[in-house]
file input-v5.txt (compact mmCIF, C-alpha atoms and all ligand atoms)
# COMPACT_ATOMS: atom_id res chain seq x y z
CA MET A 13 157.85 106.44 192.27
CA LEU A 14 160.89 106.15 194.46
CA GLN A 15 160.88 103.06 196.57
CA PRO A 16 162.45 103.11 200.03
CA ARG A 17 165.62 101.14 200.19
CA PRO A 18 165.30 97.82 201.99
CA GLY A 19 165.71 98.49 205.66
CA ALA A 20 165.21 102.25 205.31
CA SER A 21 162.99 103.86 207.90
CA PRO A 22 159.60 105.32 206.90
CA ARG A 23 161.01 108.73 207.76
CA ALA A 24 163.64 108.39 205.08
CA HIS A 25 160.81 107.57 202.71
CA PHE A 26 158.89 110.73 203.71
CA SER A 27 161.93 112.91 203.02
CA ARG A 28 161.42 112.21 199.31
CA LYS A 29 158.02 113.89 199.31
CA PRO A 30 157.24 117.42 198.12
CA ALA A 31 157.66 120.22 200.63
CA THR A 32 154.08 120.15 201.94
CA ALA A 33 154.16 116.43 202.41
CA LEU A 34 157.57 116.74 204.04
CA LEU A 35 156.19 119.32 206.47
CA ALA A 36 153.25 117.11 207.34
CA SER A 37 155.60 114.19 207.72
CA LEU A 38 157.84 116.16 210.02
CA LEU A 39 154.86 117.26 212.12
CA ALA A 40 153.66 113.69 212.33
CA ALA A 41 157.16 112.51 213.06
CA SER A 42 157.70 115.13 215.81
CA PHE A 43 154.31 114.25 217.32
CA TRP A 44 155.37 110.68 217.56
CA ALA A 45 158.98 111.52 218.45
CA GLY A 46 160.41 109.19 220.97
CA HIS A 47 157.74 106.65 220.24
CA PRO A 48 157.92 103.75 217.86
CA MET A 49 155.74 104.40 214.84
CA THR A 50 152.34 102.92 215.46
CA ALA A 51 149.87 101.56 212.97
CA GLU A 52 147.89 104.80 213.36
CA ALA A 53 150.93 106.89 212.42
CA ALA A 54 151.52 104.77 209.33
CA GLU A 55 147.89 105.34 208.34
CA VAL A 56 148.34 109.10 208.61
CA ALA A 57 151.43 108.88 206.42
CA VAL A 58 149.57 106.89 203.81
CA GLU A 59 146.73 109.41 203.81
CA ILE A 60 149.19 112.28 203.35
CA GLU A 61 150.84 110.41 200.54
CA ALA A 62 147.47 109.81 198.88
CA ALA A 63 146.50 113.48 199.23
CA GLU A 64 149.79 114.64 197.73
CA ALA A 65 149.72 112.21 194.82
CA PRO A 66 149.77 114.23 191.57
CA PRO A 67 146.65 114.10 189.48
CA PRO A 68 146.74 111.72 186.56
CA GLN A 69 148.49 113.30 183.61
CA THR A 70 146.63 112.69 180.41
CA TYR A 71 147.04 114.59 177.19
CA GLU A 72 144.22 114.47 174.76
CA VAL A 73 145.09 115.26 171.14
CA PRO A 74 142.07 116.06 169.00
CA VAL A 75 141.55 113.58 166.19
CA THR A 76 141.29 116.49 163.76
CA ALA A 77 144.81 117.62 164.76
CA ILE A 78 146.14 114.14 164.09
CA ALA A 79 144.37 114.08 160.74
CA ALA A 80 145.79 117.51 159.87
CA SER A 81 149.34 116.53 160.78
CA THR A 82 148.98 113.27 158.87
CA ALA A 83 147.73 115.17 155.84
CA MET A 84 150.68 117.55 156.14
CA LEU A 85 153.12 114.65 156.30
CA THR A 86 151.45 113.10 153.30
CA ALA A 87 151.71 116.39 151.41
CA GLU A 88 155.38 116.68 152.32
CA ARG A 89 156.00 113.13 151.21
CA ASP A 90 154.12 113.65 147.95
CA SER A 91 156.11 116.81 147.20
CA VAL A 92 159.22 114.66 147.00
CA GLU A 93 158.63 113.26 143.58
CA ILE A 94 160.88 112.20 140.80
CA THR A 95 160.86 114.88 138.17
CA TRP A 96 162.37 114.53 134.79
CA ARG A 97 162.66 117.26 132.22
CA SER A 98 163.21 116.41 128.61
CA PRO A 99 166.10 118.30 127.01
CA ILE A 100 163.83 118.77 123.97
CA GLN A 101 160.13 119.55 123.90
CA TRP A 102 157.36 120.84 121.65
CA PRO A 103 157.35 124.64 121.23
CA VAL A 104 153.68 124.79 122.25
CA ALA A 105 151.56 122.73 124.62
CA GLU A 106 151.90 119.11 123.57
CA GLY A 107 148.81 117.88 121.76
CA SER A 108 148.01 121.26 120.18
CA PRO A 109 146.53 120.88 116.69
CA ILE A 110 149.06 120.64 113.89
CA GLY A 111 148.09 122.35 110.63
CA ASN A 112 150.10 122.86 107.51
CA GLY A 113 152.99 120.46 107.40
CA PHE A 114 156.46 120.84 106.07
CA GLY A 115 157.13 120.89 102.34
CA TYR A 116 155.31 121.82 99.18
CA ARG A 117 151.79 123.11 99.49
CA GLY A 118 149.30 125.03 97.47
CA ASN A 119 149.16 128.81 97.52
CA VAL A 120 147.27 129.10 100.83
CA CYS A 121 147.27 132.88 100.82
CA ALA A 122 148.58 135.84 98.92
CA GLY A 123 152.22 136.10 99.87
CA CYS A 124 152.31 132.71 101.58
CA SER A 125 155.18 130.47 100.52
CA THR A 126 154.42 127.44 98.39
CA TYR A 127 157.26 125.54 100.00
CA HIS A 128 156.51 125.48 103.70
CA LEU A 129 159.75 125.61 105.60
CA GLY A 130 158.14 124.84 108.93
CA VAL A 131 155.01 123.58 110.56
CA ASP A 132 151.95 125.48 111.74
CA LEU A 133 150.79 124.80 115.29
CA PHE A 134 147.50 125.96 116.77
CA PRO A 135 147.61 126.22 120.57
CA GLY A 136 145.35 129.28 120.57
CA TYR A 137 145.81 133.04 120.71
CA GLY A 138 148.04 134.14 123.57
CA ALA A 139 149.29 130.64 124.33
CA PRO A 140 152.95 130.48 125.31
CA ALA A 141 155.53 129.73 122.67
CA MET A 142 158.33 127.86 124.43
CA ALA A 143 161.99 127.25 123.72
CA MET A 144 162.18 123.73 122.35
CA ALA A 145 165.60 123.23 123.99
CA ASP A 146 168.22 125.15 125.93
CA GLY A 147 169.83 127.75 123.73
CA VAL A 148 170.77 131.34 123.06
CA VAL A 149 168.33 133.83 121.54
CA THR A 150 169.72 135.04 118.22
CA ALA A 151 166.87 137.32 117.13
CA VAL A 152 163.83 139.08 118.54
CA SER A 153 162.45 140.98 115.60
CA SER A 154 159.73 141.29 112.99
CA ASN A 155 159.43 141.28 109.26
CA GLY A 156 156.54 141.21 106.79
CA GLY A 157 156.06 137.48 106.47
CA TRP A 158 156.92 136.14 109.89
CA GLY A 159 155.52 139.10 111.77
CA SER A 160 156.91 139.24 115.27
CA TYR A 161 159.33 136.35 115.73
CA VAL A 162 162.04 134.90 117.94
CA ALA A 163 164.99 132.77 116.80
CA ILE A 164 167.11 130.55 119.06
CA GLU A 165 170.34 128.66 118.44
CA HIS A 166 170.88 125.33 120.19
CA ASP A 167 173.72 122.89 120.57
CA ILE A 168 172.11 119.48 120.56
CA ASN A 169 174.56 116.61 120.93
CA GLY A 170 177.22 118.73 119.30
CA GLN A 171 174.99 119.69 116.38
CA ARG A 172 173.93 123.26 115.63
CA VAL A 173 170.16 123.48 115.56
CA ASN A 174 168.22 126.72 115.02
CA SER A 175 164.56 127.18 115.88
CA LEU A 176 162.24 129.96 114.75
CA TYR A 177 158.94 130.99 116.32
CA ALA A 178 156.85 133.28 114.10
CA HIS A 179 153.52 135.18 114.07
CA LEU A 180 153.86 136.06 117.77
CA ILE A 181 151.84 138.79 119.38
CA PRO A 182 153.98 141.90 118.80
CA GLY A 183 155.83 142.88 121.95
CA SER A 184 155.05 139.61 123.73
CA ALA A 185 158.60 138.27 123.67
CA PRO A 186 160.13 138.53 127.17
CA VAL A 187 163.61 137.74 125.88
CA VAL A 188 166.40 139.66 124.18
CA PRO A 189 169.09 138.62 121.69
CA GLY A 190 172.05 136.99 123.40
CA GLN A 191 169.95 135.73 126.29
CA PHE A 192 170.30 132.13 127.39
CA VAL A 193 166.95 130.36 127.58
CA GLU A 194 166.07 127.00 129.03
CA VAL A 195 163.95 124.33 127.44
CA GLY A 196 160.29 125.11 128.06
CA GLN A 197 160.90 128.77 128.81
CA THR A 198 158.26 131.07 127.38
CA ILE A 199 159.77 133.18 124.62
CA GLY A 200 156.58 134.85 123.38
CA GLN A 201 152.84 134.49 122.89
CA VAL A 202 151.21 132.89 119.90
CA GLY A 203 149.42 135.45 117.71
CA ASN A 204 148.71 136.29 114.12
CA SER A 205 151.22 138.98 113.20
CA GLY A 206 152.75 138.92 109.71
CA THR A 207 151.41 137.12 106.68
CA THR A 208 148.98 134.62 108.08
CA THR A 209 145.41 133.50 107.65
CA ALA A 210 144.80 132.45 111.24
CA THR A 211 146.30 132.60 114.72
CA HIS A 212 149.09 130.03 114.87
CA LEU A 213 152.75 129.48 115.59
CA HIS A 214 154.88 129.01 112.50
CA PHE A 215 157.78 126.89 113.72
CA GLU A 216 160.92 126.22 111.71
CA LEU A 217 163.96 124.11 112.43
CA THR A 218 167.31 124.01 110.71
CA VAL A 219 169.91 121.39 111.51
CA GLY A 220 173.42 122.27 110.39
CA GLY A 221 171.89 125.09 108.33
CA GLY A 222 169.35 122.99 106.42
CA HIS A 223 165.60 123.00 107.00
CA VAL A 224 164.06 119.83 108.35
CA ASP A 225 160.47 118.80 109.02
CA PRO A 226 160.01 120.00 112.62
CA VAL A 227 157.31 117.43 113.44
CA TRP A 228 159.48 114.57 112.23
CA TRP A 229 162.55 115.97 114.02
CA LEU A 230 160.72 116.52 117.33
CA ARG A 231 159.13 113.08 117.27
CA THR A 232 162.53 111.55 116.52
CA ASN A 233 164.52 113.51 119.09
CA ILE A 234 162.24 113.98 122.09
CA PRO A 235 163.28 111.10 124.38
CA ALA A 236 160.71 108.97 126.12
CA ASP A 237 159.98 110.02 129.70
CA PRO A 238 161.78 107.38 131.83
CA THR A 239 159.52 108.13 134.83
CA LEU A 240 156.39 106.99 132.97
ZN ZN A 301 153.83 128.25 108.68
call {"tool": "encode", "arguments": {"input": "input-v5.txt", "output": "structure tokens", "more": "lines below"}}
Ligand SMILES: [Zn+2]
result
Amino acid sequence: MLQPRPGASPRAHFSRKPATALLASLLAASFWAGHPMTAEAAEVAVEIEAAEAPPPQTYEVPVTAIAASTAMLTAERDSVEITWRSPIQWPVAEGSPIGNGFGYRGNVCAGCSTYHLGVDLFPGYGAPAMAMADGVVTAVSSNGGWGSYVAIEHDINGQRVNSLYAHLIPGSAPVVPGQFVEVGQTIGQVGNSGTTTATHLHFELTVGGGHVDPVWWLRTNIPADPTL
């Protein structure tokens, strides 16, 4: 509210009012022109001022709207999270059952090798087989024993590592030879093609050209999650 300057006349004060108030003020002023403003005139001015006072301005925001906006802010805040992706991971969902291990084994089936060059993992039929590290696809093919398979070459700390994913569902591989794949990328679906007694992923690893126990190698080389 504008306050009249000290010593300013009431008329100067009226001139600050909205047009309707100004008109009323002028009418009142002209009525009393030539006369000193009386107490009655001041009363009229006060009444006009009261009538022209703007209604109280209050804005009511529904509590539900506040709750919704708060929830949205919370969601936005929670979406900013620290994510860490291991450069090496299991080729199937972590915790999937592990069957036949690496090394010598009995003749588990006609045509099955007695020296198991990989490990058998059982995530279930159709489960994604995932690249265990960044790499380049070197083969998407099939043969009698492995069935439908994918092979990937990796450079891990300067060392050449090759991974093989066998017994996939034929035609399930969404990759082609020469394609770069990222760790965790789906490279096929676990099936039972080839020489196998049950649905599983046969997973092999070679380091510098020599076969290693994939379970041992993964457990040794997958770094601990620093965000946990
Ligand atoms: Zn196997």
call {"tool": "atom_distance", "arguments": {"input": "input-v5.txt", "atom1": "CA of Thr232 (chain A)", "atom2": "CA of Glu165 (chain A)"}}
result
18.9 Å
call {"tool": "closest_atom_pairs", "arguments": {"input": "input-v5.txt", "of": "chain A", "to": "ligand ZN 301 (chain A)", "cutoff": "9 Å", "atoms": "only C-alpha atoms and all ligand atoms", "output": "Markdown table"}}
result
| residue | atom | partner | partner_atom | distance |
| --- | --- | --- | --- | --- |
| A:Gly111 | CA | A:ZN301 | ZN | 8.5 |
| A:Asn112 | CA | A:ZN301 | ZN | 6.7 |
| A:Gly113 | CA | A:ZN301 | ZN | 7.9 |
| A:Phe114 | CA | A:ZN301 | ZN | 8.3 |
| A:Cys124 | CA | A:ZN301 | ZN | 8.5 |
| A:Ser125 | CA | A:ZN301 | ZN | 8.6 |
| A:His128 | CA | A:ZN301 | ZN | 6.3 |
| A:Leu129 | CA | A:ZN301 | ZN | 7.2 |
| A:Gly130 | CA | A:ZN301 | ZN | 5.5 |
| A:Val131 | CA | A:ZN301 | ZN | 5.2 |
| A:Asp132 | CA | A:ZN301 | ZN | 4.5 |
| A:Leu133 | CA | A:ZN301 | ZN | 8.1 |
| A:Trp158 | CA | A:ZN301 | ZN | 8.6 |
| A:Ala178 | CA | A:ZN301 | ZN | 8.0 |
| A:His179 | CA | A:ZN301 | ZN | 8.8 |
| A:Thr208 | CA | A:ZN301 | ZN | 8.0 |
| A:His212 | CA | A:ZN301 | ZN | 8.0 |
| A:Leu213 | CA | A:ZN301 | ZN | 7.1 |
| A:His214 | CA | A:ZN301 | ZN | 4.0 |
| A:Phe215 | CA | A:ZN301 | ZN | 6.5 |
| A:Glu216 | CA | A:ZN301 | ZN | 8.0 |
call {"tool": "atom_distance", "arguments": {"input": "input-v5.txt", "atom1": "CA of Ala185 (chain A)", "atom2": "CA of Gly170 (chain A)"}}
result
27.3 Å
call {"tool": "residues_around", "arguments": {"input": "input-v5.txt", "residues": "Ala163 (chain A)", "least_positions_apart": "3", "cutoff": "10 Å", "atoms": "all atoms listed in the file", "output": "PyMOL selection string"}}
result
chain A and resi 143+147-153+174-178+189+199+215-217
call {"tool": "closest_residue", "arguments": {"input": "input-v5.txt", "among": "A:Gln191, A:Asn169, A:Thr211, A:Asn204", "to": "Gly156 (chain A)", "atoms": "all atoms listed in the file"}}
result
A:Asn204
call {"tool": "atom_distance", "arguments": {"input": "input-v5.txt", "atom1": "CA of Gly220 (chain A)", "atom2": "CA of Ser184 (chain A)"}}
result
28.6 Å
call {"tool": "closest_residue", "arguments": {"input": "input-v5.txt", "among": "A:Gln69, A:Val195, A:Thr95, A:Met144", "to": "Leu240 (chain A)", "atoms": "all atoms listed in the file"}}
result
A:Thr95
call {"tool": "residues_around", "arguments": {"input": "input-v5.txt", "residues": "Asn233 (chain A)", "least_positions_apart": "5", "cutoff": "9 Å", "atoms": "only C-alpha atoms", "output": "list in words"}}
result
Ile100, Gln101 and Trp228 of chain A
call {"tool": "closest_residue", "arguments": {"input": "input-v5.txt", "among": "A:Thr198, A:Gln171, A:Thr209, A:Ser108", "to": "Ala141 (chain A)", "atoms": "only C-alpha atoms"}}
result
A:Thr198
call {"tool": "residues_around", "arguments": {"input": "input-v5.txt", "residues": "Ala139 (chain A)", "least_positions_apart": "6", "cutoff": "8 Å", "atoms": "only C-alpha atoms", "output": "list in words"}}
result
Val104, Gln201 and Val202 of chain A
call {"tool": "decode", "arguments": {"input": "input-v5.txt", "residues": "region 125-226 of chain A", "atoms": "C-alpha atoms", "output": "PDB file, in the first residue's frame"}}
result
ATOM      1  CA  SER A 125      33.476 -85.406 -24.217  1.00  0.00           C
ATOM      2  CA  THR A 126      35.161 -87.047 -21.249  1.00  0.00           C
ATOM      3  CA  TYR A 127      37.326 -84.000 -20.734  1.00  0.00           C
ATOM      4  CA  HIS A 128      34.950 -81.110 -20.196  1.00  0.00           C
ATOM      5  CA  LEU A 129      36.461 -77.993 -21.662  1.00  0.00           C
ATOM      6  CA  GLY A 130      33.882 -75.700 -20.124  1.00  0.00           C
ATOM      7  CA  VAL A 131      31.178 -75.489 -17.547  1.00  0.00           C
ATOM      8  CA  ASP A 132      27.469 -76.215 -17.851  1.00  0.00           C
ATOM      9  CA  LEU A 133      25.102 -73.536 -16.574  1.00  0.00           C
ATOM     10  CA  PHE A 134      21.363 -73.977 -16.097  1.00  0.00           C
ATOM     11  CA  PRO A 135      19.471 -70.668 -16.224  1.00  0.00           C
ATOM     12  CA  GLY A 136      16.498 -72.276 -17.969  1.00  0.00           C
ATOM     13  CA  TYR A 137      15.260 -72.635 -21.534  1.00  0.00           C
ATOM     14  CA  GLY A 138      15.130 -69.332 -23.383  1.00  0.00           C
ATOM     15  CA  ALA A 139      17.134 -67.448 -20.767  1.00  0.00           C
ATOM     16  CA  PRO A 140      19.540 -64.890 -22.203  1.00  0.00           C
ATOM     17  CA  ALA A 141      23.134 -65.861 -22.775  1.00  0.00           C
ATOM     18  CA  MET A 142      25.176 -62.702 -22.265  1.00  0.00           C
ATOM     19  CA  ALA A 143      28.596 -61.526 -23.361  1.00  0.00           C
ATOM     20  CA  MET A 144      30.836 -61.976 -20.346  1.00  0.00           C
ATOM     21  CA  ALA A 145      32.864 -58.893 -21.343  1.00  0.00           C
ATOM     22  CA  ASP A 146      33.150 -56.361 -24.137  1.00  0.00           C
ATOM     23  CA  GLY A 147      34.430 -58.017 -27.271  1.00  0.00           C
ATOM     24  CA  VAL A 148      34.040 -58.834 -30.931  1.00  0.00           C
ATOM     25  CA  VAL A 149      31.907 -61.735 -32.153  1.00  0.00           C
ATOM     26  CA  THR A 150      34.132 -64.207 -33.983  1.00  0.00           C
ATOM     27  CA  ALA A 151      31.546 -66.878 -34.814  1.00  0.00           C
ATOM     28  CA  VAL A 152      27.801 -67.380 -34.992  1.00  0.00           C
ATOM     29  CA  SER A 153      27.421 -70.918 -36.211  1.00  0.00           C
ATOM     30  CA  SER A 154      26.480 -74.490 -35.398  1.00  0.00           C
ATOM     31  CA  ASN A 155      28.094 -77.867 -35.411  1.00  0.00           C
ATOM     32  CA  GLY A 156      27.110 -81.327 -34.175  1.00  0.00           C
ATOM     33  CA  GLY A 157      28.400 -81.134 -30.636  1.00  0.00           C
ATOM     34  CA  TRP A 158      27.922 -77.521 -29.679  1.00  0.00           C
ATOM     35  CA  GLY A 159      24.723 -77.075 -31.629  1.00  0.00           C
ATOM     36  CA  SER A 160      24.011 -73.423 -32.220  1.00  0.00           C
ATOM     37  CA  TYR A 161      26.817 -71.375 -30.677  1.00  0.00           C
ATOM     38  CA  VAL A 162      28.402 -67.939 -30.484  1.00  0.00           C
ATOM     39  CA  ALA A 163      32.096 -67.182 -29.923  1.00  0.00           C
ATOM     40  CA  ILE A 164      33.510 -63.841 -28.778  1.00  0.00           C
ATOM     41  CA  GLU A 165      37.065 -62.548 -28.533  1.00  0.00           C
ATOM     42  CA  HIS A 166      37.958 -60.163 -25.712  1.00  0.00           C
ATOM     43  CA  ASP A 167      40.945 -58.079 -24.763  1.00  0.00           C
ATOM     44  CA  ILE A 168      41.088 -58.193 -20.996  1.00  0.00           C
ATOM     45  CA  ASN A 169      43.947 -56.218 -19.490  1.00  0.00           C
ATOM     46  CA  GLY A 170      45.955 -56.807 -22.637  1.00  0.00           C
ATOM     47  CA  GLN A 171      45.285 -60.546 -22.632  1.00  0.00           C
ATOM     48  CA  ARG A 172      43.396 -62.340 -25.397  1.00  0.00           C
ATOM     49  CA  VAL A 173      40.435 -64.168 -23.927  1.00  0.00           C
ATOM     50  CA  ASN A 174      37.902 -66.132 -25.998  1.00  0.00           C
ATOM     51  CA  SER A 175      34.471 -67.147 -24.761  1.00  0.00           C
ATOM     52  CA  LEU A 176      32.118 -69.703 -26.276  1.00  0.00           C
ATOM     53  CA  TYR A 177      28.382 -70.053 -25.675  1.00  0.00           C
ATOM     54  CA  ALA A 178      26.943 -73.362 -26.908  1.00  0.00           C
ATOM     55  CA  HIS A 179      23.622 -75.270 -27.139  1.00  0.00           C
ATOM     56  CA  LEU A 180      21.708 -72.061 -27.916  1.00  0.00           C
ATOM     57  CA  ILE A 181      18.251 -72.092 -29.408  1.00  0.00           C
ATOM     58  CA  PRO A 182      18.938 -72.189 -33.168  1.00  0.00           C
ATOM     59  CA  GLY A 183      18.420 -68.780 -34.730  1.00  0.00           C
ATOM     60  CA  SER A 184      18.254 -66.992 -31.376  1.00  0.00           C
ATOM     61  CA  ALA A 185      21.566 -65.164 -31.747  1.00  0.00           C
ATOM     62  CA  PRO A 186      20.909 -61.468 -32.503  1.00  0.00           C
ATOM     63  CA  VAL A 187      24.553 -60.850 -33.386  1.00  0.00           C
ATOM     64  CA  VAL A 188      26.771 -61.403 -36.407  1.00  0.00           C
ATOM     65  CA  PRO A 189      30.485 -62.139 -36.771  1.00  0.00           C
ATOM     66  CA  GLY A 190      32.592 -58.994 -36.545  1.00  0.00           C
ATOM     67  CA  GLN A 191      30.045 -57.215 -34.369  1.00  0.00           C
ATOM     68  CA  PHE A 192      31.227 -55.434 -31.250  1.00  0.00           C
ATOM     69  CA  VAL A 193      29.259 -56.472 -28.179  1.00  0.00           C
ATOM     70  CA  GLU A 194      29.219 -54.995 -24.716  1.00  0.00           C
ATOM     71  CA  VAL A 195      29.452 -56.855 -21.451  1.00  0.00           C
ATOM     72  CA  GLY A 196      26.006 -58.144 -20.507  1.00  0.00           C
ATOM     73  CA  GLN A 197      24.639 -57.885 -24.027  1.00  0.00           C
ATOM     74  CA  THR A 198      22.369 -60.765 -24.984  1.00  0.00           C
ATOM     75  CA  ILE A 199      24.047 -62.865 -27.663  1.00  0.00           C
ATOM     76  CA  GLY A 200      21.531 -65.713 -27.800  1.00  0.00           C
ATOM     77  CA  GLN A 201      19.024 -67.785 -25.850  1.00  0.00           C
ATOM     78  CA  VAL A 202      19.894 -70.837 -23.820  1.00  0.00           C
ATOM     79  CA  GLY A 203      18.556 -74.030 -25.418  1.00  0.00           C
ATOM     80  CA  ASN A 204      19.447 -77.636 -26.004  1.00  0.00           C
ATOM     81  CA  SER A 205      20.747 -77.783 -29.560  1.00  0.00           C
ATOM     82  CA  GLY A 206      23.667 -80.105 -30.334  1.00  0.00           C
ATOM     83  CA  THR A 207      24.858 -83.020 -28.255  1.00  0.00           C
ATOM     84  CA  THR A 208      23.295 -82.450 -24.880  1.00  0.00           C
ATOM     85  CA  THR A 209      21.213 -84.257 -22.322  1.00  0.00           C
ATOM     86  CA  ALA A 210      19.386 -81.219 -20.960  1.00  0.00           C
ATOM     87  CA  THR A 211      18.774 -77.538 -21.606  1.00  0.00           C
ATOM     88  CA  HIS A 212      21.881 -75.653 -20.533  1.00  0.00           C
ATOM     89  CA  LEU A 213      24.582 -73.246 -21.621  1.00  0.00           C
ATOM     90  CA  HIS A 214      27.935 -74.865 -22.270  1.00  0.00           C
ATOM     91  CA  PHE A 215      30.421 -72.082 -21.596  1.00  0.00           C
ATOM     92  CA  GLU A 216      34.107 -72.267 -22.474  1.00  0.00           C
ATOM     93  CA  LEU A 217      36.942 -69.850 -21.892  1.00  0.00           C
ATOM     94  CA  THR A 218      40.410 -69.796 -23.350  1.00  0.00           C
ATOM     95  CA  VAL A 219      43.077 -67.418 -22.115  1.00  0.00           C
ATOM     96  CA  GLY A 220      45.985 -66.943 -24.499  1.00  0.00           C
ATOM     97  CA  GLY A 221      44.688 -69.964 -26.446  1.00  0.00           C
ATOM     98  CA  GLY A 222      44.511 -72.398 -23.522  1.00  0.00           C
ATOM     99  CA  HIS A 223      41.332 -73.617 -21.850  1.00  0.00           C
ATOM    100  CA  VAL A 224      40.754 -72.559 -18.273  1.00  0.00           C
ATOM    101  CA  ASP A 225      38.073 -73.439 -15.730  1.00  0.00           C
ATOM    102  CA  PRO A 226      35.464 -70.740 -16.454  1.00  0.00           C
TER     103      PRO A 226
END
